[in-house]
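What follows is upload-v2.cif (mmCIF, C-alpha atoms).
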data_start
loop_
_atom_site.group_PDB
_atom_site.id
_atom_site.type_symbol
_atom_site.label_atom_id
_atom_site.label_comp_id
_atom_site.auth_asym_id
_atom_site.auth_seq_id
_atom_site.Cartn_x
_atom_site.Cartn_y
_atom_site.Cartn_z
ATOM 1 C CA MET R 1 18.340 -2.728 -40.985
ATOM 2 C CA SER R 2 18.261 -1.181 -37.512
ATOM 3 C CA THR R 3 21.445 -0.654 -35.508
ATOM 4 C CA GLU R 4 19.663 0.316 -32.296
ATOM 5 C CA GLN R 5 20.626 -1.608 -29.187
ATOM 6 C CA PRO R 6 17.777 -3.214 -27.245
ATOM 7 C CA LYS R 7 16.798 -1.093 -24.264
ATOM 8 C CA ALA R 8 17.535 -2.461 -20.818
ATOM 9 C CA GLN R 9 14.502 -3.636 -18.935
ATOM 10 C CA PRO R 10 13.676 -1.566 -15.843
ATOM 11 C CA TYR R 11 14.720 -3.198 -12.601
ATOM 12 C CA ASP R 12 12.345 -2.988 -9.656
ATOM 13 C CA GLY R 13 14.059 -5.400 -7.276
ATOM 14 C CA PRO R 14 16.144 -4.519 -4.239
ATOM 15 C CA LEU R 15 19.412 -2.617 -4.608
ATOM 16 C CA VAL R 16 22.342 -3.238 -2.287
ATOM 17 C CA ALA R 17 24.876 -0.561 -1.329
ATOM 18 C CA ILE R 18 28.351 -2.022 -1.793
ATOM 19 C CA ALA R 19 30.533 1.081 -1.341
ATOM 20 C CA THR R 20 30.509 4.774 -0.511
ATOM 21 C CA PHE R 21 32.864 7.369 -1.959
ATOM 22 C CA PRO R 22 33.650 10.889 -0.751
ATOM 23 C CA GLU R 23 35.243 11.776 -4.098
ATOM 24 C CA PRO R 24 33.208 11.807 -7.347
ATOM 25 C CA ALA R 25 36.185 10.559 -9.389
ATOM 26 C CA GLU R 26 36.554 7.439 -7.226
ATOM 27 C CA ALA R 27 32.829 6.714 -7.470
ATOM 28 C CA ASN R 28 32.877 7.032 -11.254
ATOM 29 C CA LEU R 29 35.943 4.819 -11.542
ATOM 30 C CA ALA R 30 34.257 2.089 -9.505
ATOM 31 C CA ARG R 31 31.096 2.450 -11.584
ATOM 32 C CA THR R 32 33.126 2.121 -14.788
ATOM 33 C CA VAL R 33 34.823 -1.057 -13.531
ATOM 34 C CA LEU R 34 31.478 -2.690 -12.757
ATOM 35 C CA GLU R 35 29.758 -1.536 -15.933
ATOM 36 C CA ALA R 36 32.678 -2.827 -18.022
ATOM 37 C CA ALA R 37 32.063 -6.224 -16.440
ATOM 38 C CA GLY R 38 28.386 -6.043 -17.401
ATOM 39 C CA ILE R 39 27.074 -5.302 -13.894
ATOM 40 C CA PRO R 40 24.362 -2.619 -13.882
ATOM 41 C CA VAL R 41 25.100 0.105 -11.328
ATOM 42 C CA PHE R 42 23.169 2.901 -9.642
ATOM 43 C CA LEU R 43 25.198 5.737 -8.124
ATOM 44 C CA SER R 44 23.125 7.428 -5.423
ATOM 45 C CA GLY R 45 24.057 11.008 -4.532
ATOM 46 C CA GLU R 46 26.131 11.463 -7.669
ATOM 47 C CA ASN R 47 24.880 14.950 -8.485
ATOM 48 C CA ALA R 48 25.085 16.301 -4.938
ATOM 49 C CA ASN R 49 28.547 14.791 -4.547
ATOM 50 C CA SER R 50 29.720 16.484 -7.743
ATOM 51 C CA LEU R 51 28.445 19.862 -6.577
ATOM 52 C CA PHE R 52 29.644 19.637 -2.961
ATOM 53 C CA PRO R 53 32.179 16.777 -2.670
ATOM 54 C CA VAL R 54 33.060 17.493 0.944
ATOM 55 C CA ALA R 55 29.450 17.547 2.119
ATOM 56 C CA PHE R 56 28.065 14.427 0.404
ATOM 57 C CA GLU R 57 29.143 10.896 -0.399
ATOM 58 C CA SER R 58 28.111 8.857 -3.399
ATOM 59 C CA GLN R 59 26.748 5.397 -2.705
ATOM 60 C CA LEU R 60 27.383 2.653 -5.261
ATOM 61 C CA GLN R 61 24.430 0.269 -5.496
ATOM 62 C CA VAL R 62 23.905 -2.920 -7.476
ATOM 63 C CA ARG R 63 21.139 -5.487 -7.837
ATOM 64 C CA ALA R 64 21.038 -7.933 -4.926
ATOM 65 C CA GLU R 65 21.920 -10.850 -7.227
ATOM 66 C CA ASP R 66 25.048 -8.988 -8.433
ATOM 67 C CA GLU R 67 26.334 -8.076 -4.958
ATOM 68 C CA SER R 68 28.877 -10.877 -4.557
ATOM 69 C CA ALA R 69 30.379 -10.486 -8.032
ATOM 70 C CA ALA R 70 30.489 -6.691 -7.708
ATOM 71 C CA ARG R 71 32.249 -6.800 -4.324
ATOM 72 C CA GLU R 72 34.764 -9.344 -5.627
ATOM 73 C CA LEU R 73 35.466 -7.249 -8.709
ATOM 74 C CA LEU R 74 35.987 -4.047 -6.722
ATOM 75 C CA ASN R 75 38.209 -5.839 -4.199
ATOM 76 C CA SER R 76 40.371 -7.298 -6.963
ATOM 77 C CA ALA R 77 40.655 -3.865 -8.605
ATOM 78 C CA GLU R 78 41.761 -2.383 -5.254
ATOM 79 C CA ASN R 79 44.289 -5.129 -4.536
ATOM 80 C CA ALA R 80 45.872 -5.139 -7.996
ATOM 81 C CA PRO R 81 45.312 -1.719 -9.549
ATOM 82 C CA GLU R 82 46.649 -1.065 -13.004
ATOM 83 C CA SER R 83 49.321 1.561 -13.281
ATOM 84 C CA LEU R 84 50.417 3.537 -16.285
ATOM 85 C CA GLU R 85 53.666 1.555 -16.275
ATOM 86 C CA THR R 86 52.013 -1.884 -16.349
ATOM 87 C CA VAL R 87 49.517 -0.842 -19.006
ATOM 88 C CA THR R 88 52.302 0.636 -21.147
ATOM 89 C CA GLU R 89 54.418 -2.514 -20.716
ATOM 90 C CA ALA R 90 51.453 -4.662 -21.780
ATOM 91 C CA GLU R 91 50.827 -2.465 -24.824
ATOM 92 C CA ILE R 92 54.492 -2.605 -25.831
ATOM 93 C CA ALA R 93 54.532 -6.394 -25.409
ATOM 94 C CA GLY R 94 51.364 -6.631 -27.525
ATOM 95 C CA GLU R 95 52.894 -4.480 -30.268
ATOM 96 C CA SER R 96 55.965 -6.688 -30.468
ATOM 97 C CA THR R 97 53.879 -9.869 -30.746
ATOM 98 C CA PRO R 98 53.239 -10.834 -34.381
ATOM 99 C CA LYS R 99 49.602 -10.480 -35.344
ATOM 100 C CA GLY R 100 47.740 -13.040 -37.299
#
Starting from the file, give its structure as structure tokens.
Amino acid sequence: MSTEQPKAQPYDGPLVAIATFPEPAEANLARTVLEAAGIPVFLSGENANSLFPVAFESQLQVRAEDESAARELLNSAENAPESLETVTEAEIAGESTPKG
């Protein structure tokens, strides 16, 4: 019984740049948001940006067919960001809710 995940098929279609980030942490956060939603992401300039953040920007790219969903997801994350307080409140509320 194999527990290996199937490998993603290579994508050779067009990529669309949907955002640029001067800070590596911001670029990685945006990438994480999209990947969590199942949208494959390519982060161009990631290594150069990590070495010299002031000199380079990272460019977040997605498949052309994912552009609309990716932009919408990033915009909603920007307009309603989670804070430590709201996450903690949600966790506390979840702990007080009976399970089962």
Between CA of Glu26 in chain R and CA of Ala64 in chain R, what is the distance in Å, rounded to a tenth? 22.0 Å
Which residues fall under the PyMOL selection byres ((chain R and resi 34) around 12) in this file, as an MDAnalysis selection string? chainID R and resid 18 27:33 35:43 60:63 66:77
Apply the PyMOL selection byres ((chain R and resi 57) around 6) to the displayed file and report the matching residues as JSON, numbers by chain. {"R": [21, 22, 49, 56, 58]}
